[in-house]
$ cat run28.pdb   # PDB, C-alpha atoms
ATOM      1  CA  MET A1365      94.525 113.555  28.841
ATOM      2  CA  VAL A1366      95.939 111.147  31.415
ATOM      3  CA  HIS A1367      92.757 109.119  31.172
ATOM      4  CA  ALA A1368      92.986 108.893  27.380
ATOM      5  CA  VAL A1369      96.602 107.722  27.520
ATOM      6  CA  PHE A1370      95.662 105.193  30.194
ATOM      7  CA  MET A1371      92.820 103.847  28.052
ATOM      8  CA  PHE A1372      95.153 103.508  25.052
ATOM      9  CA  PHE A1373      97.701 101.495  27.043
ATOM     10  CA  ALA A1374      94.953  99.424  28.677
ATOM     11  CA  VAL A1375      93.366  98.469  25.350
ATOM     12  CA  VAL A1376      96.769  97.589  23.867
ATOM     13  CA  ALA A1377      97.620  95.494  26.952
ATOM     14  CA  VAL A1378      94.378  93.509  26.890
ATOM     15  CA  LEU A1379      94.419  92.921  23.128
ATOM     16  CA  SER A1380      98.021  91.771  23.093
ATOM     17  CA  ALA A1381      97.391  89.539  26.138
ATOM     18  CA  ILE A1382      94.536  87.852  24.262
ATOM     19  CA  LEU A1383      96.797  87.465  21.215
ATOM     20  CA  THR A1384      99.465  85.967  23.522
ATOM     21  CA  ILE A1385      97.250  83.108  24.609
ATOM     22  CA  THR A1386      95.846  82.448  21.136
ATOM     23  CA  GLN A1387      99.088  82.423  19.109
ATOM     24  CA  ARG A1388     100.022  78.989  17.862
ATOM     25  CA  GLN A1389     103.768  79.642  17.672
ATOM     26  CA  PRO A1390     105.596  80.335  20.976
ATOM     27  CA  VAL A1391     107.730  83.027  19.283
ATOM     28  CA  GLY A1392     104.616  84.997  18.351
ATOM     29  CA  ALA A1393     103.218  84.581  21.849
ATOM     30  CA  ILE A1394     106.456  85.941  23.350
ATOM     31  CA  MET A1395     106.397  88.940  20.998
ATOM     32  CA  TRP A1396     102.826  89.814  21.984
ATOM     33  CA  LEU A1397     103.655  89.370  25.660
ATOM     34  CA  ILE A1398     106.480  91.895  25.196
ATOM     35  CA  VAL A1399     103.874  94.349  23.830
ATOM     36  CA  THR A1400     101.718  93.696  26.919
ATOM     37  CA  MET A1401     104.642  94.325  29.241
ATOM     38  CA  LEU A1402     105.694  97.530  27.505
ATOM     39  CA  SER A1403     102.185  98.951  27.734
ATOM     40  CA  LEU A1404     102.053  97.899  31.389
ATOM     41  CA  ALA A1405     105.298  99.831  31.872
ATOM     42  CA  GLY A1406     103.500 102.866  30.445
ATOM     43  CA  ILE A1407     100.640 102.378  32.884
ATOM     44  CA  PHE A1408     103.071 102.039  35.809
ATOM     45  CA  THR A1409     104.569 105.372  34.799
ATOM     46  CA  LEU A1410     101.119 106.987  34.621
ATOM     47  CA  LEU A1411     100.418 105.697  38.132
ATOM     48  CA  GLY A1412     103.581 107.274  39.497
ATOM     49  CA  GLY A1413     105.533 104.010  39.683
ATOM     50  CA  PHE A1414     108.554 105.249  37.717
ATOM     51  CA  PHE A1415     110.940 102.746  39.295
ATOM     52  CA  ALA A1416     108.544  99.859  38.613
ATOM     53  CA  GLY A1417     108.094 101.014  35.024
ATOM     54  CA  VAL A1418     111.832 101.123  34.339
ATOM     55  CA  MET A1419     112.329  97.725  35.993
ATOM     56  CA  GLN A1420     109.477  96.362  33.887
ATOM     57  CA  VAL A1421     111.219  97.383  30.663
ATOM     58  CA  LEU A1422     114.731  96.373  31.760
ATOM     59  CA  VAL A1423     114.061  93.144  33.665
ATOM     60  CA  TYR A1424     110.846  91.750  32.230
ATOM     61  CA  ALA A1425     110.845  92.791  28.589
ATOM     62  CA  GLY A1426     114.630  93.033  28.407
ATOM     63  CA  ALA A1427     115.845  90.000  30.328
ATOM     64  CA  ILE A1428     113.188  87.418  31.159
ATOM     65  CA  LEU A1429     111.439  87.417  27.794
ATOM     66  CA  VAL A1430     114.749  87.426  25.920
ATOM     67  CA  LEU A1431     115.611  84.311  27.967
ATOM     68  CA  PHE A1432     112.338  82.753  26.786
ATOM     69  CA  MET A1433     113.142  83.752  23.199
ATOM     70  CA  PHE A1434     116.622  82.171  23.342
ATOM     71  CA  PHE A1435     115.112  79.045  24.824
ATOM     72  CA  VAL A1436     112.481  78.681  22.078
ATOM     73  CA  MET A1437     115.085  79.223  19.378
ATOM     74  CA  LEU A1438     117.442  76.658  20.942
ATOM     75  CA  LEU A1439     114.743  73.980  21.140
ATOM     76  CA  GLN A1440     113.767  74.128  17.441
ATOM     77  CA  LEU A1441     110.193  73.049  18.103
ATOM     78  CA  ARG A1442     108.101  71.717  15.261
ATOM     79  CA  HIS A1443     104.396  72.428  15.323
ATOM     80  CA  LYS A1444     102.198  70.173  13.290
ATOM     81  CA  GLU A1445      99.028  70.315  15.367
ATOM     82  CA  SER A1446      97.449  72.989  17.502
ATOM     83  CA  ASP A1447      98.047  72.581  21.233
ATOM     84  CA  ILE A1448      94.816  74.285  22.280
ATOM     85  CA  ARG A1449      92.780  71.922  24.427
ATOM     86  CA  GLY A1450      89.445  70.432  23.394
ATOM     87  CA  PRO A1451      85.905  71.555  24.326
ATOM     88  CA  LEU A1452      86.347  70.656  28.013
ATOM     89  CA  GLY A1453      89.364  72.953  28.174
ATOM     90  CA  TRP A1454      87.406  75.781  26.530
ATOM     91  CA  ILE A1455      84.518  75.355  28.976
ATOM     92  CA  LEU A1456      86.887  75.288  31.955
ATOM     93  CA  ALA A1457      88.917  78.264  30.748
ATOM     94  CA  LEU A1458      85.955  80.468  29.859
ATOM     95  CA  GLY A1459      83.950  79.446  32.939
ATOM     96  CA  ILE A1460      86.667  79.909  35.521
ATOM     97  CA  SER A1461      88.098  83.080  34.043
ATOM     98  CA  SER A1462      84.714  84.760  33.537
ATOM     99  CA  ALA A1463      83.745  83.900  37.125
ATOM    100  CA  LEU A1464      87.029  85.504  38.216
ATOM    101  CA  VAL A1465      86.374  88.559  36.025
ATOM    102  CA  VAL A1466      82.945  89.040  37.614
ATOM    103  CA  GLN A1467      84.391  88.764  41.094
ATOM    104  CA  LEU A1468      87.439  90.927  40.492
ATOM    105  CA  THR A1469      85.847  93.730  38.492
ATOM    106  CA  GLY A1470      84.021  94.636  41.684
ATOM    107  CA  LEU A1471      87.372  96.225  42.491
ATOM    108  CA  GLY A1472      86.821  98.712  39.667
ATOM    109  CA  GLY A1473      84.504 100.806  41.817
ATOM    110  CA  TYR A1474      87.369 101.625  44.143
ATOM    111  CA  SER A1475      88.732 105.100  44.459
ATOM    112  CA  ALA A1476      90.980 106.806  46.957
ATOM    113  CA  GLY A1477      88.082 108.369  48.796
ATOM    114  CA  ARG A1478      86.161 105.127  48.976
ATOM    115  CA  VAL A1479      89.127 103.166  50.345
ATOM    116  CA  ALA A1480      89.542 105.766  53.082
ATOM    117  CA  GLU A1481      85.815 105.750  53.804
ATOM    118  CA  GLU A1482      85.605 101.967  54.058
ATOM    119  CA  LEU A1483      88.594 101.837  56.360
ATOM    120  CA  THR A1484      86.948 104.462  58.525
ATOM    121  CA  ARG A1485      83.817 102.357  58.721
ATOM    122  CA  ALA A1486      85.795  99.247  59.699
ATOM    123  CA  PRO A1487      88.468 100.618  62.019
ATOM    124  CA  GLU A1488      89.637  97.178  63.124
ATOM    125  CA  ILE A1489      91.153  96.578  59.643
ATOM    126  CA  ALA A1490      93.658  99.390  59.834
ATOM    127  CA  ASN A1491      94.139 102.794  61.287
ATOM    128  CA  PRO A1492      92.175 105.031  58.889
ATOM    129  CA  ALA A1493      94.458 107.942  59.601
ATOM    130  CA  LEU A1494      97.249 105.982  57.901
ATOM    131  CA  VAL A1495      95.585 105.621  54.493
ATOM    132  CA  LEU A1496      95.637 108.920  52.684
ATOM    133  CA  PRO A1497      98.432 110.632  54.635
ATOM    134  CA  GLN A1498     100.683 107.911  53.239
ATOM    135  CA  ALA A1499      99.745 108.956  49.719
ATOM    136  CA  ALA A1500     100.881 112.462  50.575
ATOM    137  CA  GLU A1501     104.037 110.953  52.104
ATOM    138  CA  VAL A1502     104.813 109.243  48.769
ATOM    139  CA  LEU A1503     104.625 112.565  46.975
ATOM    140  CA  ARG A1504     106.791 114.282  49.601
ATOM    141  CA  ALA A1505     109.426 111.527  49.541
ATOM    142  CA  THR A1506     109.575 111.647  45.738
ATOM    143  CA  GLU A1507     109.884 115.416  45.863
ATOM    144  CA  ALA A1508     112.675 115.296  48.443
ATOM    145  CA  ARG A1509     114.799 112.307  47.368
ATOM    146  CA  GLY A1510     113.909 111.742  43.726
ATOM    147  CA  VAL A1511     112.202 108.753  42.134
ATOM    148  CA  VAL A1512     114.892 106.168  42.916
ATOM    149  CA  GLY A1513     115.753 107.545  46.333
ATOM    150  CA  ALA A1514     112.131 107.354  47.463
ATOM    151  CA  VAL A1515     112.071 103.636  46.606
ATOM    152  CA  ALA A1516     115.545 102.955  47.974
ATOM    153  CA  ALA A1517     114.734 104.209  51.464
ATOM    154  CA  PRO A1518     112.077 101.556  52.287
ATOM    155  CA  MET A1519     113.971  98.890  50.333
ATOM    156  CA  PHE A1520     117.147  99.189  52.410
ATOM    157  CA  GLN A1521     115.504  99.995  55.740
ATOM    158  CA  GLN A1522     112.107  98.405  56.148
ATOM    159  CA  TRP A1523     112.617  95.604  53.624
ATOM    160  CA  LEU A1524     116.320  94.908  54.152
ATOM    161  CA  VAL A1525     115.972  91.260  55.260
ATOM    162  CA  PRO A1526     113.665  90.255  52.354
ATOM    163  CA  PHE A1527     116.072  92.048  50.016
ATOM    164  CA  GLU A1528     119.011  89.985  51.266
ATOM    165  CA  LEU A1529     116.910  86.792  51.078
ATOM    166  CA  THR A1530     116.293  87.609  47.402
ATOM    167  CA  SER A1531     119.993  87.117  46.725
ATOM    168  CA  VAL A1532     119.855  83.665  48.351
ATOM    169  CA  LEU A1533     116.826  82.842  46.184
ATOM    170  CA  LEU A1534     118.640  83.912  43.024
ATOM    171  CA  LEU A1535     121.705  81.866  43.981
ATOM    172  CA  ALA A1536     119.505  78.800  44.536
ATOM    173  CA  ALA A1537     117.836  79.398  41.167
ATOM    174  CA  ILE A1538     121.199  79.649  39.383
ATOM    175  CA  VAL A1539     122.458  76.422  40.943
ATOM    176  CA  GLY A1540     119.145  74.688  40.255
ATOM    177  CA  ALA A1541     119.078  75.758  36.617
ATOM    178  CA  VAL A1542     122.662  74.603  36.028
ATOM    179  CA  VAL A1543     122.018  71.216  37.692
ATOM    180  CA  LEU A1544     118.763  70.652  35.811
ATOM    181  CA  ALA A1545     120.142  71.653  32.441
ATOM    182  CA  LYS A1546     123.271  69.501  32.685
ATOM    183  CA  ARG A1547     123.238  66.540  30.364
ATOM    184  CA  ARG A1548     124.516  64.093  32.965
ATOM    185  CA  LEU A1549     124.438  64.641  36.701
TER     186      LEU A1549
ATOM    187  CA  MET B1155     107.753 115.227  38.711
ATOM    188  CA  PRO B1156     105.627 113.072  41.005
ATOM    189  CA  VAL B1157     102.302 111.914  39.614
ATOM    190  CA  PHE B1158      99.281 111.190  41.734
ATOM    191  CA  ALA B1159      96.248 110.005  39.796
ATOM    192  CA  PRO B1160      93.582 108.734  42.191
ATOM    193  CA  GLU B1161      91.002 108.649  39.405
ATOM    194  CA  LEU B1162      93.009 105.881  37.709
ATOM    195  CA  ILE B1163      92.884 103.521  40.707
ATOM    196  CA  GLY B1164      89.557 101.912  39.819
ATOM    197  CA  PRO B1165      90.342 101.395  36.113
ATOM    198  CA  SER B1166      93.830 100.060  36.980
ATOM    199  CA  LEU B1167      92.441  97.474  39.367
ATOM    200  CA  MET B1168      89.926  96.465  36.713
ATOM    201  CA  LEU B1169      92.642  96.134  34.055
ATOM    202  CA  SER B1170      94.722  94.104  36.469
ATOM    203  CA  ALA B1171      91.775  91.743  37.092
ATOM    204  CA  LEU B1172      91.183  91.381  33.361
ATOM    205  CA  LEU B1173      94.838  90.585  32.598
ATOM    206  CA  PHE B1174      94.975  88.065  35.459
ATOM    207  CA  CYS B1175      91.895  86.279  34.106
ATOM    208  CA  ILE B1176      93.330  86.209  30.578
ATOM    209  CA  GLY B1177      96.411  84.547  32.103
ATOM    210  CA  VAL B1178      94.248  81.984  33.935
ATOM    211  CA  ALA B1179      92.356  81.232  30.720
ATOM    212  CA  GLY B1180      95.662  80.743  28.902
ATOM    213  CA  VAL B1181      96.958  78.296  31.501
ATOM    214  CA  LEU B1182      93.749  76.282  31.260
ATOM    215  CA  LEU B1183      93.510  76.449  27.482
ATOM    216  CA  ARG B1184      97.007  75.656  26.238
ATOM    217  CA  ARG B1185      99.102  72.520  26.409
ATOM    218  CA  ASN B1186     102.371  74.019  25.187
ATOM    219  CA  ALA B1187     104.536  74.258  28.311
ATOM    220  CA  ILE B1188     106.278  77.439  27.111
ATOM    221  CA  ILE B1189     102.992  79.257  26.565
ATOM    222  CA  VAL B1190     101.703  78.077  29.953
ATOM    223  CA  PHE B1191     104.828  79.683  31.410
ATOM    224  CA  LEU B1192     104.164  82.900  29.525
ATOM    225  CA  CYS B1193     100.658  82.969  30.978
ATOM    226  CA  VAL B1194     102.080  82.631  34.480
ATOM    227  CA  GLU B1195     104.309  85.636  33.733
ATOM    228  CA  LEU B1196     101.222  87.512  32.550
ATOM    229  CA  MET B1197      99.475  86.795  35.857
ATOM    230  CA  LEU B1198     102.520  87.989  37.811
ATOM    231  CA  ASN B1199     102.439  91.202  35.801
ATOM    232  CA  ALA B1200      98.775  91.743  36.560
ATOM    233  CA  VAL B1201      99.534  91.427  40.263
ATOM    234  CA  ASN B1202     102.417  93.890  39.865
ATOM    235  CA  LEU B1203      99.949  96.381  38.424
ATOM    236  CA  THR B1204      97.819  96.002  41.555
ATOM    237  CA  PHE B1205     100.862  96.621  43.747
ATOM    238  CA  VAL B1206     101.843  99.781  41.885
ATOM    239  CA  THR B1207      98.247 101.033  41.962
ATOM    240  CA  MET B1208      97.790 100.521  45.668
ATOM    241  CA  GLY B1209     101.314 101.797  46.297
ATOM    242  CA  GLN B1210      99.936 105.234  45.459
ATOM    243  CA  LEU B1211      97.752 105.042  48.541
ATOM    244  CA  HIS B1212      99.856 102.991  50.924
ATOM    245  CA  GLY B1213     103.379 104.256  50.439
ATOM    246  CA  MET B1214     106.471 103.274  48.446
ATOM    247  CA  SER B1215     106.502  99.682  49.728
ATOM    248  CA  GLY B1216     104.275  98.721  46.803
ATOM    249  CA  GLN B1217     107.113  99.312  44.369
ATOM    250  CA  VAL B1218     109.583  97.472  46.609
ATOM    251  CA  ILE B1219     107.292  94.426  46.471
ATOM    252  CA  VAL B1220     107.131  94.755  42.673
ATOM    253  CA  PHE B1221     110.929  94.450  42.714
ATOM    254  CA  PHE B1222     110.685  91.251  44.789
ATOM    255  CA  VAL B1223     108.000  89.799  42.502
ATOM    256  CA  MET B1224     110.257  90.455  39.522
ATOM    257  CA  SER B1225     113.216  88.664  41.089
ATOM    258  CA  VAL B1226     111.009  85.691  42.014
ATOM    259  CA  ALA B1227     109.730  85.661  38.413
ATOM    260  CA  ALA B1228     113.307  85.640  37.102
ATOM    261  CA  ALA B1229     114.243  82.721  39.372
ATOM    262  CA  GLU B1230     111.100  80.872  38.393
ATOM    263  CA  ALA B1231     111.759  81.410  34.684
ATOM    264  CA  ALA B1232     115.337  80.105  34.986
ATOM    265  CA  VAL B1233     114.398  76.940  36.900
ATOM    266  CA  GLY B1234     111.190  76.335  34.945
ATOM    267  CA  LEU B1235     112.880  76.627  31.567
ATOM    268  CA  ALA B1236     115.590  74.220  32.743
ATOM    269  CA  ILE B1237     112.874  71.727  33.748
ATOM    270  CA  ILE B1238     111.171  72.110  30.354
ATOM    271  CA  LEU B1239     114.573  71.587  28.713
ATOM    272  CA  SER B1240     115.173  68.316  30.527
ATOM    273  CA  VAL B1241     111.629  67.136  29.696
ATOM    274  CA  PHE B1242     112.321  68.026  26.066
ATOM    275  CA  ARG B1243     115.499  65.923  26.107
ATOM    276  CA  HIS B1244     113.566  62.851  27.272
ATOM    277  CA  ARG B1245     110.351  63.240  25.268
ATOM    278  CA  ALA B1246     111.381  65.477  22.335
ATOM    279  CA  THR B1247     108.237  67.554  22.901
ATOM    280  CA  VAL B1248     106.998  70.312  25.182
ATOM    281  CA  ASP B1249     103.342  69.289  24.847
ATOM    282  CA  LEU B1250     101.950  68.708  28.327
ATOM    283  CA  LYS B1251      99.774  65.894  26.901
ATOM    284  CA  HIS B1252     102.892  63.731  26.723
ATOM    285  CA  VAL B1253     104.112  64.583  30.228
ATOM    286  CA  ASN B1254     101.921  62.127  32.112
ATOM    287  CA  LEU B1255     104.254  59.948  34.191
ATOM    288  CA  LEU B1256     102.312  60.716  37.371
ATOM    289  CA  GLN B1257      98.993  59.657  35.879
ATOM    290  CA  GLY B1258      99.663  56.009  36.777
TER     291      GLY B1258
END
$ encode --input "run28.pdb" --output "structure tokens"
Amino acid sequence: MVHAVFMFFAVVAVLSAILTITQRQPVGAIMWLIVTMLSLAGIFTLLGGFFAGVMQVLVYAGAILVLFMFFVMLLQLRHKESDIRGPLGWILALGISSALVVQLTGLGGYSAGRVAEELTRAPEIANPALVLPQAAEVLRATEARGVVGAVAAPMFQQWLVPFELTSVLLLAAIVGAVVLAKRRL
Amino acid sequence: MPVFAPELIGPSLMLSALLFCIGVAGVLLRRNAIIVFLCVELMLNAVNLTFVTMGQLHGMSGQVIVFFVMSVAAAEAAVGLAIILSVFRHRATVDLKHVNLLQG
């Protein structure tokens, strides 16, 4: 059952991603990318990433892509010709991305047991005892503190400094966007 | 209700690779700056999927990193769209063919 639902979301995500890069109008591309992101949110939920799934819907589909949509509607672009590159672009795109697909789909053979086994065979990479016990720790933390609490604990303890740096980054982005978008400096 | 689905790890990594490559193909194929940006967002999402997948094995930090990736993506979208806007004011187009000042 879980596998069937996963396959449904995966097929929807891939098809809408392909439609995203082949749409001529930016508005259509944004709409299809929203479909991709919503199905990715479903997959996150299937994988146990409830927090990531909710953030995906709220922040990505809800905020970032709406920003893109506002932007496209403000610009009033006119499209007379297609902006897809010529034959050289096609060759580059298909060549590079299919080489990447071949390399990366080697990851598809991975499973929990195999990751543990490989780490056992190469003990200098990491302590093999840490791999699967951590998976059990995730389940226990979710059981004990709830979905959000289990994410909040590492975020505000182990990752506190990066979290605070994020606020500096966002402040810099706000200032940068305002300065760049001003008509006259 | 915690979910642990180790049998989905392989397929998820494969899907993530596929989505990343579709994003790369889009960046190489299109000249519309907005769609190039959308493809970058697609690649970031593919990487997020990898983080959530491996987070099942390596602890909750995977989802914390997804949060950071999302805030970096938001910052990047704000600054990038402002840059596209100022290019549009000068050139009245977002086609990257016409943005060639550095070509000499």
$ resolve_selection --input "run28.pdb" --expression "the ChimeraX specification (/A :<7) & /B" --output "PyMOL selection string"
chain B and resi 1156-1161+1163-1165+1167-1169+1171-1173+1175-1176+1178-1180+1182-1186+1188-1189+1203+1206-1207+1210-1215+1217-1218+1220+1228-1229+1232-1233+1236-1237+1239-1240
$ atom_distance --input "run28.pdb" --atom1 "atom CA of A:Ile1398" --atom2 "atom CA of A:Gly1426"
8.8 Å
$ atom_distance --input "run28.pdb" --atom1 "atom CA of A:Gly1406" --atom2 "atom CA of A:Arg1509"
22.4 Å
$ atom_distance --input "run28.pdb" --atom1 "atom CA of A:Leu1422" --atom2 "atom CA of A:Leu1402"
10.1 Å
$ axis_aligned_box --input "run28.pdb" --around "stretch 1419-1424 of chain A" --padding-each-side "5 Å" --output "JSON"
{"center_x": 112.1, "center_y": 94.7, "center_z": 33.3, "size_x": 15.3, "size_y": 16.0, "size_z": 15.3}
$ residues_near_point --input "run28.pdb" --point "(100.5, 85.0, 35.2)" --cutoff "10 Å" --atoms "only C-alpha atoms" --output "MDAnalysis selection string"
chainID B and resid 1173:1178 1180:1181 1190:1201 1227
$ closest_residue --input "run28.pdb" --among "A:Gln1440, A:Arg1478, A:Phe1373, A:Val1532" --to "B:Thr1247" --atoms "all atoms listed in the file"
A:Gln1440
$ closest_residue --input "run28.pdb" --among "A:Leu1524, A:Val1430, A:Val1376, A:Ala1368" --to "B:Ala1231" --atoms "all atoms listed in the file"
A:Val1430
$ decode --input "run28.pdb" --residues "stretch 1163-1256 of chain B" --atoms "C-alpha atoms" --output "PDB file, in the first residue's frame"
ATOM      1  CA  ILE B1163      14.964   4.447   0.679  1.00  0.00           C
ATOM      2  CA  GLY B1164      16.249   3.122  -2.643  1.00  0.00           C
ATOM      3  CA  PRO B1165      13.297   4.362  -4.734  1.00  0.00           C
ATOM      4  CA  SER B1166      13.406   7.765  -2.971  1.00  0.00           C
ATOM      5  CA  LEU B1167      17.076   8.251  -3.751  1.00  0.00           C
ATOM      6  CA  MET B1168      16.376   7.280  -7.350  1.00  0.00           C
ATOM      7  CA  LEU B1169      13.472   9.740  -7.605  1.00  0.00           C
ATOM      8  CA  SER B1170      15.652  12.430  -6.090  1.00  0.00           C
ATOM      9  CA  ALA B1171      18.370  11.759  -8.699  1.00  0.00           C
ATOM     10  CA  LEU B1172      15.812  11.876 -11.500  1.00  0.00           C
ATOM     11  CA  LEU B1173      14.304  15.183 -10.331  1.00  0.00           C
ATOM     12  CA  PHE B1174      17.772  16.718  -9.920  1.00  0.00           C
ATOM     13  CA  CYS B1175      18.688  15.733 -13.484  1.00  0.00           C
ATOM     14  CA  ILE B1176      15.424  17.144 -14.848  1.00  0.00           C
ATOM     15  CA  GLY B1177      16.361  20.406 -13.098  1.00  0.00           C
ATOM     16  CA  VAL B1178      19.856  20.350 -14.642  1.00  0.00           C
ATOM     17  CA  ALA B1179      18.363  19.718 -18.085  1.00  0.00           C
ATOM     18  CA  GLY B1180      15.992  22.650 -17.583  1.00  0.00           C
ATOM     19  CA  VAL B1181      18.804  25.018 -16.634  1.00  0.00           C
ATOM     20  CA  LEU B1182      20.759  23.995 -19.722  1.00  0.00           C
ATOM     21  CA  LEU B1183      17.775  24.027 -22.056  1.00  0.00           C
ATOM     22  CA  ARG B1184      15.942  27.256 -21.267  1.00  0.00           C
ATOM     23  CA  ARG B1185      16.893  30.880 -21.720  1.00  0.00           C
ATOM     24  CA  ASN B1186      14.016  32.414 -19.770  1.00  0.00           C
ATOM     25  CA  ALA B1187      15.596  33.598 -16.514  1.00  0.00           C
ATOM     26  CA  ILE B1188      12.442  32.878 -14.481  1.00  0.00           C
ATOM     27  CA  ILE B1189      12.275  29.276 -15.666  1.00  0.00           C
ATOM     28  CA  VAL B1190      16.000  28.817 -15.000  1.00  0.00           C
ATOM     29  CA  PHE B1191      15.239  29.945 -11.449  1.00  0.00           C
ATOM     30  CA  LEU B1192      12.383  27.474 -11.178  1.00  0.00           C
ATOM     31  CA  CYS B1193      14.745  24.702 -12.248  1.00  0.00           C
ATOM     32  CA  VAL B1194      17.176  25.686  -9.505  1.00  0.00           C
ATOM     33  CA  GLU B1195      14.294  25.407  -7.021  1.00  0.00           C
ATOM     34  CA  LEU B1196      13.524  21.968  -8.446  1.00  0.00           C
ATOM     35  CA  MET B1197      17.118  20.868  -7.831  1.00  0.00           C
ATOM     36  CA  LEU B1198      16.984  22.169  -4.253  1.00  0.00           C
ATOM     37  CA  ASN B1199      13.822  20.143  -3.729  1.00  0.00           C
ATOM     38  CA  ALA B1200      15.457  17.000  -5.048  1.00  0.00           C
ATOM     39  CA  VAL B1201      18.272  17.460  -2.547  1.00  0.00           C
ATOM     40  CA  ASN B1202      15.703  17.996   0.219  1.00  0.00           C
ATOM     41  CA  LEU B1203      14.202  14.630  -0.670  1.00  0.00           C
ATOM     42  CA  THR B1204      17.625  13.037  -0.190  1.00  0.00           C
ATOM     43  CA  PHE B1205      17.966  14.698   3.211  1.00  0.00           C
ATOM     44  CA  VAL B1206      14.570  13.484   4.398  1.00  0.00           C
ATOM     45  CA  THR B1207      15.288   9.975   3.100  1.00  0.00           C
ATOM     46  CA  MET B1208      18.635   9.663   4.804  1.00  0.00           C
ATOM     47  CA  GLY B1209      17.241  11.377   7.896  1.00  0.00           C
ATOM     48  CA  GLN B1210      15.357   8.140   8.518  1.00  0.00           C
ATOM     49  CA  LEU B1211      18.668   6.386   9.040  1.00  0.00           C
ATOM     50  CA  HIS B1212      20.824   9.109  10.538  1.00  0.00           C
ATOM     51  CA  GLY B1213      18.556  10.924  12.949  1.00  0.00           C
ATOM     52  CA  MET B1214      16.369  14.041  12.948  1.00  0.00           C
ATOM     53  CA  SER B1215      19.161  16.343  11.744  1.00  0.00           C
ATOM     54  CA  GLY B1216      18.119  15.576   8.171  1.00  0.00           C
ATOM     55  CA  GLN B1217      14.892  17.496   8.635  1.00  0.00           C
ATOM     56  CA  VAL B1218      16.699  20.363  10.372  1.00  0.00           C
ATOM     57  CA  ILE B1219      18.923  20.699   7.292  1.00  0.00           C
ATOM     58  CA  VAL B1220      15.814  20.683   5.080  1.00  0.00           C
ATOM     59  CA  PHE B1221      14.647  23.701   7.092  1.00  0.00           C
ATOM     60  CA  PHE B1222      17.968  25.471   6.430  1.00  0.00           C
ATOM     61  CA  VAL B1223      17.839  24.636   2.711  1.00  0.00           C
ATOM     62  CA  MET B1224      14.353  26.128   2.550  1.00  0.00           C
ATOM     63  CA  SER B1225      15.430  29.382   4.183  1.00  0.00           C
ATOM     64  CA  VAL B1226      18.429  29.641   1.837  1.00  0.00           C
ATOM     65  CA  ALA B1227      16.052  29.017  -1.091  1.00  0.00           C
ATOM     66  CA  ALA B1228      13.753  31.797   0.133  1.00  0.00           C
ATOM     67  CA  ALA B1229      16.668  34.241   0.417  1.00  0.00           C
ATOM     68  CA  GLU B1230      17.935  33.219  -2.991  1.00  0.00           C
ATOM     69  CA  ALA B1231      14.500  33.665  -4.566  1.00  0.00           C
ATOM     70  CA  ALA B1232      14.115  37.162  -3.078  1.00  0.00           C
ATOM     71  CA  VAL B1233      17.539  38.408  -4.213  1.00  0.00           C
ATOM     72  CA  GLY B1234      17.438  36.594  -7.556  1.00  0.00           C
ATOM     73  CA  LEU B1235      14.019  37.941  -8.483  1.00  0.00           C
ATOM     74  CA  ALA B1236      15.184  41.452  -7.571  1.00  0.00           C
ATOM     75  CA  ILE B1237      18.187  41.008  -9.891  1.00  0.00           C
ATOM     76  CA  ILE B1238      15.919  39.778 -12.704  1.00  0.00           C
ATOM     77  CA  LEU B1239      13.671  42.789 -12.059  1.00  0.00           C
ATOM     78  CA  SER B1240      16.522  45.256 -12.438  1.00  0.00           C
ATOM     79  CA  VAL B1241      17.715  43.479 -15.611  1.00  0.00           C
ATOM     80  CA  PHE B1242      14.155  43.709 -16.924  1.00  0.00           C
ATOM     81  CA  ARG B1243      14.104  47.462 -16.266  1.00  0.00           C
ATOM     82  CA  HIS B1244      17.244  47.971 -18.367  1.00  0.00           C
ATOM     83  CA  ARG B1245      16.610  45.495 -21.191  1.00  0.00           C
ATOM     84  CA  ALA B1246      12.810  45.022 -21.140  1.00  0.00           C
ATOM     85  CA  THR B1247      13.342  41.260 -21.425  1.00  0.00           C
ATOM     86  CA  VAL B1248      14.212  38.313 -19.210  1.00  0.00           C
ATOM     87  CA  ASP B1249      15.759  36.307 -22.058  1.00  0.00           C
ATOM     88  CA  LEU B1250      19.295  35.366 -21.062  1.00  0.00           C
ATOM     89  CA  LYS B1251      20.344  35.743 -24.728  1.00  0.00           C
ATOM     90  CA  HIS B1252      20.171  39.509 -24.270  1.00  0.00           C
ATOM     91  CA  VAL B1253      22.084  39.552 -20.977  1.00  0.00           C
ATOM     92  CA  ASN B1254      25.576  39.399 -22.446  1.00  0.00           C
ATOM     93  CA  LEU B1255      27.475  42.403 -21.073  1.00  0.00           C
ATOM     94  CA  LEU B1256      30.298  40.182 -19.820  1.00  0.00           C
TER      95      LEU B1256
END
